[in-house]
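Source file: final13.cif (mmCIF, C-alpha atoms)
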```cif
data_data
loop_
_atom_site.label_atom_id
_atom_site.label_comp_id
_atom_site.auth_asym_id
_atom_site.auth_seq_id
_atom_site.Cartn_x
_atom_site.Cartn_y
_atom_site.Cartn_z
CA MET U 29 -35.62 17.11 24.83
CA GLU U 30 -37.07 14.40 27.13
CA GLY U 31 -37.44 12.36 23.97
CA PHE U 32 -33.67 12.21 23.65
CA ALA U 33 -33.17 11.22 27.31
CA ALA U 34 -35.54 8.25 27.01
CA LEU U 35 -33.86 7.06 23.81
CA LEU U 36 -30.35 7.18 25.15
CA PRO U 37 -30.12 4.11 27.50
CA PRO U 38 -30.99 1.47 24.86
CA LEU U 39 -28.73 3.20 22.35
CA LEU U 40 -25.86 3.19 24.84
CA ASP U 41 -26.34 -0.59 25.19
CA GLY U 42 -25.93 -0.82 21.44
CA LEU U 43 -22.93 1.50 21.53
CA TRP U 44 -21.25 -0.85 24.02
CA MET U 45 -21.64 -3.73 21.55
CA THR U 46 -20.33 -1.54 18.71
CA LEU U 47 -17.27 -0.61 20.78
CA ARG U 48 -16.63 -4.24 21.73
CA ILE U 49 -16.74 -5.29 18.08
CA THR U 50 -14.56 -2.36 17.00
CA VAL U 51 -11.92 -3.07 19.64
CA GLY U 52 -12.05 -6.85 19.14
CA ALA U 53 -11.70 -6.56 15.37
CA ALA U 54 -8.94 -3.94 15.67
CA LEU U 55 -6.92 -6.14 18.06
CA LEU U 56 -7.25 -9.05 15.64
CA ALA U 57 -6.57 -6.92 12.56
CA ILE U 58 -3.21 -5.57 13.77
CA PRO U 59 -1.34 -8.91 13.82
CA LEU U 60 -3.13 -9.91 10.59
CA ALA U 61 -2.02 -6.71 8.86
CA LEU U 62 1.56 -7.09 10.11
CA ALA U 63 1.74 -10.74 9.08
CA ALA U 64 0.18 -10.18 5.65
CA GLY U 65 2.19 -7.00 5.01
CA LEU U 66 5.47 -8.75 5.85
CA ALA U 67 4.44 -11.88 3.94
CA ARG U 68 3.82 -9.83 0.78
CA LEU U 69 7.41 -8.62 0.97
CA SER U 70 8.76 -12.13 1.45
CA SER U 71 11.04 -13.49 -1.28
CA HIS U 72 9.35 -16.88 -0.85
CA ARG U 73 6.85 -17.11 -3.73
CA LEU U 74 4.31 -19.28 -1.90
CA ILE U 75 4.21 -17.04 1.20
CA SER U 76 3.90 -13.80 -0.79
CA GLY U 77 1.34 -15.49 -3.08
CA ILE U 78 -0.91 -16.43 -0.17
CA ALA U 79 -0.68 -12.88 1.19
CA VAL U 80 -1.51 -11.39 -2.23
CA VAL U 81 -4.60 -13.61 -2.56
CA TYR U 82 -5.77 -12.74 0.96
CA VAL U 83 -5.28 -9.00 0.45
CA GLU U 84 -6.89 -8.91 -3.00
CA VAL U 85 -9.89 -11.04 -2.03
CA PHE U 86 -10.72 -9.01 1.07
CA ARG U 87 -10.02 -5.66 -0.58
CA GLY U 88 -11.71 -6.60 -3.84
CA THR U 89 -15.06 -7.72 -2.45
CA SER U 90 -17.63 -5.85 -0.45
CA ALA U 91 -17.46 -6.05 3.37
CA LEU U 92 -21.17 -6.80 3.52
CA VAL U 93 -20.83 -9.65 1.00
CA GLN U 94 -17.98 -11.06 3.12
CA LEU U 95 -20.15 -10.90 6.25
CA PHE U 96 -23.07 -12.62 4.52
CA TRP U 97 -20.83 -15.26 3.00
CA PHE U 98 -19.33 -16.20 6.36
CA TYR U 99 -22.69 -15.95 8.11
CA TYR U 100 -24.80 -17.94 5.63
CA VAL U 101 -22.36 -20.21 3.82
CA LEU U 102 -20.02 -21.42 6.58
CA PRO U 103 -22.83 -23.18 8.52
CA LEU U 104 -23.53 -25.20 5.37
CA PHE U 105 -19.99 -26.57 5.68
CA GLY U 106 -20.75 -27.48 9.29
CA LEU U 107 -18.94 -24.53 10.85
CA ARG U 108 -21.53 -22.78 13.02
CA LEU U 109 -20.12 -19.69 14.71
CA PRO U 110 -21.97 -17.14 16.86
CA ALA U 111 -22.89 -14.01 14.91
CA VAL U 112 -20.63 -11.80 17.06
CA THR U 113 -17.62 -14.02 16.29
CA VAL U 114 -18.40 -13.89 12.57
CA GLY U 115 -18.72 -10.10 12.79
CA ILE U 116 -15.41 -9.61 14.60
CA VAL U 117 -13.46 -12.09 12.45
CA VAL U 118 -14.77 -10.81 9.10
CA LEU U 119 -14.31 -7.14 9.96
CA ALA U 120 -10.81 -7.92 11.26
CA ALA U 121 -9.94 -9.82 8.07
CA ASN U 122 -11.25 -6.92 6.01
CA ALA U 123 -9.36 -4.25 7.97
CA GLY U 124 -6.27 -6.50 8.07
CA ALA U 125 -6.18 -6.65 4.26
CA TYR U 126 -6.21 -2.86 3.98
CA GLY U 127 -3.74 -2.67 6.87
CA ALA U 128 -1.36 -5.05 5.11
CA GLU U 129 -0.94 -2.47 2.34
CA VAL U 130 -0.22 0.21 4.94
CA VAL U 131 2.43 -2.00 6.58
CA ARG U 132 3.98 -2.85 3.23
CA GLY U 133 4.12 0.78 2.13
CA ALA U 134 5.66 1.92 5.41
CA ILE U 135 8.32 -0.80 5.35
CA LEU U 136 9.22 -0.04 1.73
CA ALA U 137 9.60 3.62 2.71
CA VAL U 138 12.41 2.87 5.17
CA ALA U 139 15.67 3.96 3.51
CA SER U 140 17.53 0.96 2.06
CA GLY U 141 20.79 2.20 3.61
CA GLN U 142 19.35 1.29 6.99
CA ARG U 143 18.98 -2.33 5.94
CA GLU U 144 22.40 -2.37 4.34
CA ALA U 145 23.92 -1.00 7.54
CA ALA U 146 22.19 -3.78 9.51
CA VAL U 147 23.65 -6.37 7.14
CA ALA U 148 27.09 -4.77 7.54
CA LEU U 149 26.68 -5.05 11.32
CA ASN U 150 25.97 -8.75 10.85
CA MET U 151 22.43 -8.60 12.27
CA THR U 152 20.10 -11.50 11.54
CA SER U 153 17.07 -10.66 9.41
CA ALA U 154 14.81 -10.98 12.46
CA GLN U 155 16.99 -8.52 14.38
CA THR U 156 17.02 -6.14 11.41
CA LEU U 157 13.25 -6.23 11.21
CA ARG U 158 12.65 -5.81 14.94
CA ARG U 159 15.34 -3.28 15.80
CA ILE U 160 15.87 -1.31 12.58
CA VAL U 161 12.99 -1.55 10.12
CA LEU U 162 9.80 -1.73 12.19
CA PRO U 163 10.68 1.08 14.66
CA GLN U 164 11.29 3.39 11.70
CA ALA U 165 8.27 2.22 9.73
CA PHE U 166 5.88 2.51 12.68
CA PRO U 167 5.40 6.33 12.70
CA ALA U 168 4.55 6.26 8.98
CA MET U 169 1.87 3.63 9.63
CA LEU U 170 0.03 5.66 12.27
CA PRO U 171 -1.94 8.21 10.20
CA PRO U 172 -3.30 5.67 7.68
CA ALA U 173 -3.95 3.22 10.53
CA GLY U 174 -6.08 5.88 12.22
CA ASN U 175 -8.13 6.27 9.05
CA LEU U 176 -8.55 2.50 8.82
CA LEU U 177 -9.71 2.38 12.43
CA ILE U 178 -12.45 4.90 11.61
CA GLU U 179 -13.35 2.86 8.52
CA LEU U 180 -13.57 -0.18 10.80
CA LEU U 181 -15.84 1.68 13.22
CA LYS U 182 -18.11 2.64 10.31
CA ASN U 183 -18.08 -0.92 8.98
CA THR U 184 -19.32 -2.26 12.33
CA ALA U 185 -22.74 -0.83 11.40
CA LEU U 186 -22.95 -3.64 8.84
CA VAL U 187 -23.07 -6.31 11.55
CA SER U 188 -26.59 -5.09 12.38
CA LEU U 189 -27.58 -6.88 9.16
CA ILE U 190 -26.41 -10.24 10.53
CA THR U 191 -28.63 -9.86 13.63
CA ILE U 192 -26.03 -8.43 16.04
CA THR U 193 -27.60 -5.88 18.39
CA ASP U 194 -25.07 -3.11 17.83
CA LEU U 195 -25.81 0.62 17.84
CA THR U 196 -27.42 0.60 14.39
CA PHE U 197 -29.57 -2.46 15.22
CA ARG U 198 -30.76 -0.83 18.46
CA GLY U 199 -31.60 2.28 16.50
CA GLN U 200 -33.71 0.28 14.06
CA MET U 201 -35.50 -1.51 16.94
CA LEU U 202 -36.24 1.78 18.70
CA ARG U 203 -37.53 3.27 15.47
CA ALA U 204 -40.03 0.46 15.14
CA GLU U 205 -41.13 0.91 18.79
CA THR U 206 -41.23 4.69 19.19
CA LEU U 207 -41.44 6.02 15.60
CA GLN U 208 -39.21 8.93 16.69
CA THR U 209 -37.25 8.36 13.52
CA THR U 210 -35.48 11.69 13.12
CA GLN U 211 -34.27 11.93 16.72
CA ILE U 212 -33.06 8.32 16.78
CA PHE U 213 -31.04 8.52 13.59
CA LEU U 214 -29.61 11.92 14.52
CA LEU U 215 -28.49 10.47 17.87
CA LEU U 216 -27.03 7.46 16.09
CA LEU U 217 -24.99 9.63 13.74
CA LEU U 218 -23.81 11.85 16.61
CA LEU U 219 -22.75 8.84 18.71
CA TYR U 220 -20.72 7.38 15.83
CA PHE U 221 -19.21 10.81 15.18
CA ALA U 222 -18.25 11.15 18.87
CA VAL U 223 -16.47 7.78 18.83
CA ALA U 224 -14.69 8.74 15.60
CA LEU U 225 -13.52 11.99 17.19
CA VAL U 226 -12.14 10.07 20.18
CA ILE U 227 -10.26 7.74 17.81
CA THR U 228 -8.85 10.69 15.85
CA ALA U 229 -7.69 12.36 19.08
CA GLY U 230 -6.10 9.11 20.28
CA ILE U 231 -4.18 8.66 17.03
CA ARG U 232 -3.00 12.29 17.13
CA LEU U 233 -1.64 11.65 20.63
CA LEU U 234 0.21 8.53 19.44
CA GLU U 235 1.57 10.40 16.43
CA ARG U 236 2.99 13.10 18.69
CA ARG U 237 4.48 10.49 21.00
CA PHE U 238 6.22 8.57 18.19
CA ARG U 239 7.18 11.45 15.94
CA VAL U 240 10.42 10.77 14.07
CA ARG U 241 13.01 13.40 14.74
CA MET F 10 -26.89 -34.83 -0.16
CA THR F 11 -26.05 -32.57 -3.05
CA ASP F 12 -22.60 -31.35 -3.94
CA ILE F 13 -20.96 -28.60 -1.91
CA PHE F 14 -20.91 -26.37 -4.96
CA ASP F 15 -23.47 -27.17 -7.65
CA TRP F 16 -22.06 -25.79 -10.92
CA ALA F 17 -25.28 -26.40 -12.88
CA PHE F 18 -27.26 -24.40 -10.32
CA ALA F 19 -24.64 -21.64 -10.36
CA TRP F 20 -24.88 -21.50 -14.16
CA GLU F 21 -28.67 -21.40 -13.96
CA ILE F 22 -28.80 -18.38 -11.60
CA LEU F 23 -26.09 -16.41 -13.38
CA PRO F 24 -28.49 -14.49 -15.72
CA THR F 25 -30.67 -13.43 -12.76
CA LEU F 26 -27.61 -12.18 -10.92
CA GLY F 27 -26.41 -10.50 -14.10
CA SER F 28 -29.55 -8.40 -14.38
CA ALA F 29 -29.21 -7.41 -10.70
CA LEU F 30 -25.62 -6.43 -11.42
CA ILE F 31 -26.96 -3.85 -13.86
CA ILE F 32 -28.78 -2.12 -10.96
CA THR F 33 -25.53 -2.19 -8.97
CA VAL F 34 -23.53 -0.62 -11.81
CA HIS F 35 -26.31 1.88 -12.48
CA ALA F 36 -26.27 2.99 -8.83
CA THR F 37 -22.47 3.24 -8.83
CA VAL F 38 -22.32 5.37 -11.98
CA LEU F 39 -25.05 7.78 -10.89
CA GLY F 40 -23.77 7.90 -7.30
CA MET F 41 -20.25 8.70 -8.44
CA SER F 42 -21.46 11.38 -10.88
CA LEU F 43 -23.22 13.06 -7.95
CA ALA F 44 -20.19 12.64 -5.69
CA VAL F 45 -17.77 14.14 -8.20
CA VAL F 46 -19.89 17.27 -8.74
CA LEU F 47 -21.02 17.74 -5.13
CA GLY F 48 -17.50 17.04 -3.88
CA LEU F 49 -16.09 19.82 -6.06
CA ILE F 50 -18.72 22.24 -4.77
CA LEU F 51 -17.90 21.29 -1.16
CA ALA F 52 -14.16 21.67 -1.81
CA MET F 53 -14.70 25.16 -3.25
CA LEU F 54 -17.02 26.19 -0.41
CA ARG F 55 -14.40 25.03 2.06
CA ARG F 56 -11.93 27.47 0.54
CA VAL F 57 -14.26 30.47 0.68
CA ARG F 58 -12.64 33.33 2.61
CA SER F 59 -15.58 33.76 5.01
CA ARG F 60 -15.29 31.52 8.08
CA TRP F 61 -19.09 31.49 8.33
CA ILE F 62 -19.20 29.33 5.23
CA SER F 63 -15.90 27.42 5.27
CA ALA F 64 -16.04 26.25 8.91
CA PRO F 65 -19.51 24.62 8.79
CA VAL F 66 -18.61 22.98 5.46
CA ALA F 67 -15.43 21.57 7.01
CA VAL F 68 -17.43 20.14 9.94
CA LEU F 69 -20.03 18.71 7.56
CA ILE F 70 -17.34 16.96 5.49
CA GLU F 71 -15.75 15.52 8.63
CA PHE F 72 -19.14 14.41 9.97
CA VAL F 73 -20.19 12.65 6.77
CA ARG F 74 -16.79 10.98 6.46
CA SER F 75 -16.77 9.58 9.98
CA THR F 76 -20.30 8.19 10.30
CA PRO F 77 -21.44 4.90 8.77
CA LEU F 78 -22.90 4.97 5.26
CA LEU F 79 -25.55 2.46 6.39
CA VAL F 80 -26.89 4.84 9.06
CA GLN F 81 -26.81 7.73 6.60
CA MET F 82 -28.84 5.60 4.20
CA TYR F 83 -31.39 4.77 6.88
CA PHE F 84 -31.53 8.44 7.81
CA LEU F 85 -32.39 9.49 4.24
CA PHE F 86 -34.68 6.50 3.72
CA TYR F 87 -36.80 7.08 6.84
CA VAL F 88 -36.49 10.82 7.44
CA LEU F 89 -36.86 12.25 3.92
CA PRO F 90 -40.45 10.94 3.49
CA GLN F 91 -41.36 12.70 6.76
CA THR F 92 -40.31 16.00 5.23
CA GLY F 93 -42.55 15.31 2.25
CA MET F 94 -39.82 14.13 -0.15
CA ARG F 95 -40.93 10.81 -1.54
CA LEU F 96 -38.11 9.19 -3.45
CA SER F 97 -37.80 5.61 -4.61
CA PRO F 98 -35.43 3.45 -2.53
CA LEU F 99 -32.96 3.33 -5.41
CA VAL F 100 -32.87 7.12 -5.75
CA THR F 101 -32.51 7.47 -1.96
CA GLY F 102 -29.62 5.02 -2.03
CA ILE F 103 -27.90 6.81 -4.91
CA LEU F 104 -28.32 10.08 -3.01
CA ALA F 105 -26.74 8.55 0.12
CA LEU F 106 -23.84 7.08 -1.86
CA GLY F 107 -23.33 10.40 -3.66
CA VAL F 108 -23.33 12.51 -0.50
CA HIS F 109 -21.10 10.10 1.44
CA TYR F 110 -18.48 9.92 -1.29
CA ALA F 111 -18.78 13.65 -2.05
CA ALA F 112 -17.19 14.24 1.36
CA TYR F 113 -14.27 12.00 0.39
CA CYS F 114 -13.99 13.59 -3.06
CA ALA F 115 -13.96 17.04 -1.47
CA GLU F 116 -10.80 16.08 0.44
CA VAL F 117 -9.25 14.72 -2.76
CA TYR F 118 -9.97 17.97 -4.64
CA ARG F 119 -8.59 19.93 -1.71
CA ALA F 120 -5.29 18.08 -1.95
CA GLY F 121 -5.23 18.80 -5.69
CA ILE F 122 -6.01 22.48 -5.24
CA GLU F 123 -3.39 22.87 -2.52
CA SER F 124 -0.74 21.34 -4.78
CA VAL F 125 -1.15 24.11 -7.38
CA PRO F 126 1.93 26.37 -6.98
CA ARG F 127 1.24 29.73 -5.32
CA GLY F 128 2.85 31.55 -8.21
CA GLN F 129 -0.09 30.53 -10.41
CA LEU F 130 -2.50 32.33 -8.10
CA GLU F 131 -0.24 35.35 -7.87
CA ALA F 132 0.03 35.48 -11.66
CA ALA F 133 -3.76 35.33 -11.93
CA THR F 134 -4.01 38.23 -9.46
CA ALA F 135 -1.40 40.17 -11.43
CA LEU F 136 -3.42 39.64 -14.60
CA ASN F 137 -6.46 41.00 -12.76
CA LEU F 138 -8.53 37.83 -13.29
CA SER F 139 -11.77 37.58 -11.33
CA PRO F 140 -11.89 34.90 -8.54
CA TRP F 141 -14.21 32.84 -10.76
CA ARG F 142 -11.86 32.94 -13.75
CA THR F 143 -8.90 32.20 -11.50
CA ALA F 144 -10.65 29.10 -10.16
CA VAL F 145 -12.08 27.80 -13.44
CA GLY F 146 -9.37 28.94 -15.84
CA VAL F 147 -6.19 28.58 -13.77
CA VAL F 148 -6.51 26.49 -10.60
CA LEU F 149 -8.91 23.66 -11.47
CA PRO F 150 -7.33 22.68 -14.83
CA GLN F 151 -4.10 22.10 -12.89
CA ALA F 152 -5.68 20.69 -9.74
CA ILE F 153 -8.01 18.05 -11.16
CA PRO F 154 -5.94 15.86 -13.55
CA PRO F 155 -3.44 14.75 -10.87
CA VAL F 156 -6.25 13.63 -8.54
CA VAL F 157 -8.24 11.64 -11.11
CA PRO F 158 -6.66 8.31 -10.00
CA ALA F 159 -7.65 9.02 -6.38
CA LEU F 160 -11.21 9.68 -7.55
CA GLY F 161 -11.06 6.41 -9.47
CA ASN F 162 -10.16 4.57 -6.27
CA TYR F 163 -13.27 6.01 -4.63
CA LEU F 164 -15.31 4.81 -7.61
CA VAL F 165 -14.12 1.27 -6.83
CA ALA F 166 -14.83 1.81 -3.12
CA MET F 167 -18.35 3.03 -3.89
CA PHE F 168 -18.96 0.03 -6.11
CA LYS F 169 -18.11 -2.18 -3.14
CA ASP F 170 -20.50 -0.21 -0.93
CA THR F 171 -23.53 -0.70 -3.19
CA PRO F 172 -24.61 -3.92 -1.37
CA LEU F 173 -25.71 -1.60 1.45
CA LEU F 174 -28.60 -0.60 -0.81
CA SER F 175 -30.10 -4.00 -0.01
CA ALA F 176 -30.74 -2.72 3.54
CA ILE F 177 -33.17 -0.13 2.15
CA THR F 178 -35.03 -2.71 0.01
CA VAL F 179 -33.25 -2.13 -3.32
CA VAL F 180 -32.90 -5.40 -5.19
CA GLU F 181 -29.27 -5.11 -6.24
CA LEU F 182 -26.77 -7.92 -6.64
CA LEU F 183 -26.53 -8.98 -2.98
CA GLN F 184 -30.28 -8.75 -2.32
CA GLN F 185 -30.98 -10.79 -5.46
CA SER F 186 -28.62 -13.51 -4.26
CA LYS F 187 -30.34 -13.57 -0.86
CA ILE F 188 -33.71 -13.88 -2.58
CA ILE F 189 -32.39 -16.83 -4.57
CA GLY F 190 -30.94 -18.27 -1.38
CA SER F 191 -34.15 -18.09 0.61
CA ALA F 192 -36.19 -19.51 -2.30
CA THR F 193 -33.92 -22.49 -2.94
CA PHE F 194 -32.22 -22.95 0.46
CA ARG F 195 -28.91 -22.81 -1.36
CA TYR F 196 -26.77 -19.89 -0.27
CA THR F 197 -23.34 -21.18 -1.26
CA GLU F 198 -23.66 -20.66 -5.01
CA PRO F 199 -25.42 -17.26 -5.14
CA LEU F 200 -23.31 -15.66 -2.38
CA THR F 201 -20.06 -17.08 -3.75
CA LEU F 202 -20.95 -15.86 -7.24
CA VAL F 203 -21.66 -12.39 -5.87
CA GLY F 204 -18.26 -12.39 -4.19
CA VAL F 205 -16.54 -13.52 -7.39
CA LEU F 206 -18.39 -10.92 -9.48
CA PHE F 207 -17.36 -8.14 -7.09
CA LEU F 208 -13.78 -9.37 -7.04
CA LEU F 209 -13.56 -9.55 -10.83
CA LEU F 210 -15.10 -6.13 -11.43
CA SER F 211 -13.00 -4.50 -8.67
CA LEU F 212 -9.80 -5.98 -10.06
CA VAL F 213 -10.67 -4.81 -13.57
CA ALA F 214 -11.58 -1.35 -12.25
CA ALA F 215 -8.39 -1.13 -10.18
CA TRP F 216 -6.39 -2.10 -13.26
CA GLY F 217 -8.21 0.60 -15.22
CA VAL F 218 -7.33 3.19 -12.57
CA ARG F 219 -3.66 2.16 -12.73
CA ARG F 220 -3.67 2.49 -16.51
CA LEU F 221 -5.30 5.91 -16.24
CA GLU F 222 -2.64 6.95 -13.72
CA ALA F 223 0.13 5.89 -16.07
CA TRP F 224 -1.56 7.65 -18.97
CA LEU F 225 -1.97 10.87 -16.99
CA LYS F 226 1.68 10.75 -15.96
CA LYS F 227 2.67 10.47 -19.61
CA PHE F 228 0.32 12.92 -21.29
CA GLY F 229 -1.48 14.93 -18.65
CA GLY F 230 0.10 18.28 -17.82
CA SER F 231 3.78 18.92 -17.34
CA ARG F 232 3.74 19.28 -13.54
#
```

Could I get this structure in the form of structure tokens?
Amino acid sequence: MEGFAALLPPLLDGLWMTLRITVGAALLAIPLALAAGLARLSSHRLISGIAVVYVEVFRGTSALVQLFWFYYVLPLFGLRLPAVTVGIVVLAANAGAYGAEVVRGAILAVASGQREAAVALNMTSAQTLRRIVLPQAFPAMLPPAGNLLIELLKNTALVSLITITDLTFRGQMLRAETLQTTQIFLLLLLLYFAVALVITAGIRLLERRFRVR
Amino acid sequence: MTDIFDWAFAWEILPTLGSALIITVHATVLGMSLAVVLGLILAMLRRVRSRWISAPVAVLIEFVRSTPLLVQMYFLFYVLPQTGMRLSPLVTGILALGVHYAAYCAEVYRAGIESVPRGQLEAATALNLSPWRTAVGVVLPQAIPPVVPALGNYLVAMFKDTPLLSAITVVELLQQSKIIGSATFRYTEPLTLVGVLFLLLSLVAAWGVRRLEAWLKKFGGSR
């Protein structure tokens, strides 16, 4: 049991980094998902085309390949970003692409009569979106968004492969130092599971708060 | 200074990447076969009447689904040899992929099983069918076809997760491109090609899943 106590402090350092990356990427992914989701529904061909390309490229390739591409290839074009920035931006772009589909689906699910009523009331399209469509689409977005947030948390483990000292990286370092392999990886899995449970509970709370009547 | 993207070099490394792609596809096919079978077993165990079996299985599914595949891979890669099981990295990776996606597949099967009308079960009881014959002869034939597209989506997702095998020393597509990159100091071409290959294959696979969905709607079952 003392073994676990000695392992915990360095792992908690790593967990802090994992949480920072998760939160940072999630905060960046939300506006990206909204923008791309709305853009895909735009009647303007160029705008919807750009959104389609973004969504398909980031959903169609592997998250790890995206991380490596931005980490190894961008510096060759002269753009040298810190690893943590690359990690947050790439994970956000990845989650944003999946999120865009969630936004699109939820908006399409709003009854068309609602939009027609807004037109009849002479609302501008911005007003319709802000006051009528989004408030009704939001509750439908929550459950899939919660799943995506857990996917994002799991994907943060990949940043350990571009030298970021997150929870997984710390675990690997400790394994090399202490050779207490089984304990370390069990702790790692339990810590990730605990964070995922907190996320699930948080989303449940939000779902209850915004339940459509 | 050479070009930003050297087409001749890209052409030259394509066969090497192609042979690494075979490993990637190999791992995906075997991993998914494992996931489909193990997932069904987990889904059935989760429905067992006894709480002593169904509750731990439910926790296990939730646990596997909400922890990173990379850490699970490391766990199998480093811990299995300590218990005396010596597997090659590729087999370890396929095992990790299979177990991880089995948890997702179990949830998919569950949705399929729950969508079978209750009357079917009641009819099976009325006909005095054993639980085994009810499951195999009545429930599963109606539960599985509607969820095949969802399973197909997980096949595509697993394909995109195979680059994680590179972390446990398997030379699949991504690892091969990194080897080329470190040997030639050119990362742009190999990594971009890997991205394009993944994109192409995922788009083709996603199209295949959509076709399958349409086909199932037309010919599969009357529900």

Output as a Markdown table one row per residue of chain U within 7 Å of chain F: the closest atom pair and its distance in Å to one decimal place, counting all atoms listed in the file, sorted by chain and residue number ascending.
```
| residue | atom | partner | partner_atom | distance |
| --- | --- | --- | --- | --- |
| U:Val85 | CA | F:Leu208 | CA | 6.6 |
| U:Gly88 | CA | F:Leu208 | CA | 4.7 |
| U:Thr89 | CA | F:Leu208 | CA | 5.0 |
| U:Ser90 | CA | F:Lys169 | CA | 4.6 |
| U:Leu92 | CA | F:Pro172 | CA | 6.6 |
| U:Val93 | CA | F:Gly204 | CA | 6.4 |
| U:Trp97 | CA | F:Leu200 | CA | 5.9 |
| U:Tyr100 | CA | F:Tyr196 | CA | 6.5 |
| U:Val101 | CA | F:Thr197 | CA | 5.3 |
| U:Ile178 | CA | F:Ser75 | CA | 6.6 |
| U:Lys182 | CA | F:Pro77 | CA | 4.3 |
| U:Asn183 | CA | F:Pro77 | CA | 6.7 |
| U:Ala185 | CA | F:Pro77 | CA | 6.4 |
| U:Thr196 | CA | F:Val80 | CA | 6.8 |
| U:Thr209 | CA | F:Val88 | CA | 6.6 |
| U:Thr210 | CA | F:Val88 | CA | 5.8 |
| U:Phe213 | CA | F:Phe84 | CA | 5.8 |
| U:Leu217 | CA | F:Thr76 | CA | 6.0 |
| U:Tyr220 | CA | F:Thr76 | CA | 5.6 |
| U:Phe221 | CA | F:Thr76 | CA | 5.6 |
| U:Ala224 | CA | F:Ser75 | CA | 6.1 |
```

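Between CA of Asp194 in chain U and CA of Ala53 in chain U lies a distance of 14.0 Å.
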
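Here CA of Leu106 in chain F is placed at a distance of 11.3 Å from CA of Val45 in chain F.
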
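The spacing separating CA of Ile153 in chain F from CA of Arg119 in chain F amounts to 9.7 Å.
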
Using the chain letters and numbering of this document, enumerate as JSON, numbers by chain the residues selected by the PyMOL selection byres ((chain F and resi 120) around 12).
{"F": [49, 52, 53, 56, 113, 114, 115, 116, 117, 118, 119, 121, 122, 123, 124, 125, 149, 151, 152, 153, 154, 155, 156, 157, 159, 160]}

Residue members of the PyMOL selection byres ((chain F and resi 44) around 8) in the file shown, as a PDB file with C-alpha atoms, keeping the file's coordinate frame:
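Done, and the output landed in expr28.pdb:
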```pdb
ATOM      1  CA  GLY F  40     -23.770   7.900  -7.300  1.00  0.00           C
ATOM      2  CA  MET F  41     -20.250   8.700  -8.440  1.00  0.00           C
ATOM      3  CA  SER F  42     -21.460  11.380 -10.880  1.00  0.00           C
ATOM      4  CA  LEU F  43     -23.220  13.060  -7.950  1.00  0.00           C
ATOM      5  CA  VAL F  45     -17.770  14.140  -8.200  1.00  0.00           C
ATOM      6  CA  VAL F  46     -19.890  17.270  -8.740  1.00  0.00           C
ATOM      7  CA  LEU F  47     -21.020  17.740  -5.130  1.00  0.00           C
ATOM      8  CA  GLY F  48     -17.500  17.040  -3.880  1.00  0.00           C
ATOM      9  CA  LEU F 106     -23.840   7.080  -1.860  1.00  0.00           C
ATOM     10  CA  GLY F 107     -23.330  10.400  -3.660  1.00  0.00           C
ATOM     11  CA  VAL F 108     -23.330  12.510  -0.500  1.00  0.00           C
ATOM     12  CA  HIS F 109     -21.100  10.100   1.440  1.00  0.00           C
ATOM     13  CA  TYR F 110     -18.480   9.920  -1.290  1.00  0.00           C
ATOM     14  CA  ALA F 111     -18.780  13.650  -2.050  1.00  0.00           C
ATOM     15  CA  ALA F 112     -17.190  14.240   1.360  1.00  0.00           C
ATOM     16  CA  CYS F 114     -13.990  13.590  -3.060  1.00  0.00           C
TER      17      CYS F 114
END
```

Taking into account all atoms listed in the file, which residue in the set U:Gly230, U:Gly52, U:Gly199, U:Pro38 is nearest to Val114 in chain U?
U:Gly52

Between U:Leu216, U:Gln94, U:Phe32, U:Thr206, which residue has the minimum interatomic distance to Ala121 in chain U, considering only C-alpha atoms?
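Smallest distance to Ala121 in chain U is found for U:Gln94.
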
To box range 109-121 of chain F, take all atoms listed in the file, fit an axis-aligned box, add 6 Å on each side, and give centre and edge lengths in Å to one decimal, as JSON.
```
{"center_x": -13.2, "center_y": 14.9, "center_z": -2.1, "size_x": 27.9, "size_y": 22.0, "size_z": 19.1}
```

Kindly extract all protein, DNA and RNA residues lying within 12 Å of the coordinates (-5.6, -11.6, -0.4) given in the file, considering all atoms listed in the file, and supply them as number ranges by chain.
U: 60-61, 64-65, 67-68, 75-89, 121-129; F: 208, 212

With the PyMOL selection byres ((chain U and resi 238) around 12) as the selection, what would be picked from this file? Answer as a ChimeraX atom specification, please.
/U:163-171,231-237,239-241

As JSON, numbers by chain, please: the residues near Gln142 in chain U (cut-off 8 Å, all atoms listed in the file, same-chain neighbours under 4 positions excluded).
{"U": [138, 146, 160, 161]}

Rebuild N, CA and C atoms on range 53-57 of chain U, as a compact mmCIF listing (two decimals), keeping the file's coordinate frame?
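As written to disk, rebuild09.txt reads:
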```
# COMPACT_ATOMS: atom_id res chain seq x y z
N ALA U 53 -12.16 -6.42 16.76
CA ALA U 53 -11.70 -6.56 15.37
C ALA U 53 -10.37 -5.84 15.18
N ALA U 54 -10.20 -4.69 15.84
CA ALA U 54 -8.94 -3.94 15.67
C ALA U 54 -7.77 -4.76 16.26
N LEU U 55 -7.99 -5.36 17.43
CA LEU U 55 -6.92 -6.14 18.06
C LEU U 55 -6.53 -7.33 17.20
N LEU U 56 -7.52 -7.91 16.51
CA LEU U 56 -7.25 -9.05 15.64
C LEU U 56 -6.64 -8.59 14.32
N ALA U 57 -7.02 -7.40 13.88
CA ALA U 57 -6.57 -6.92 12.56
C ALA U 57 -5.10 -6.53 12.58
```
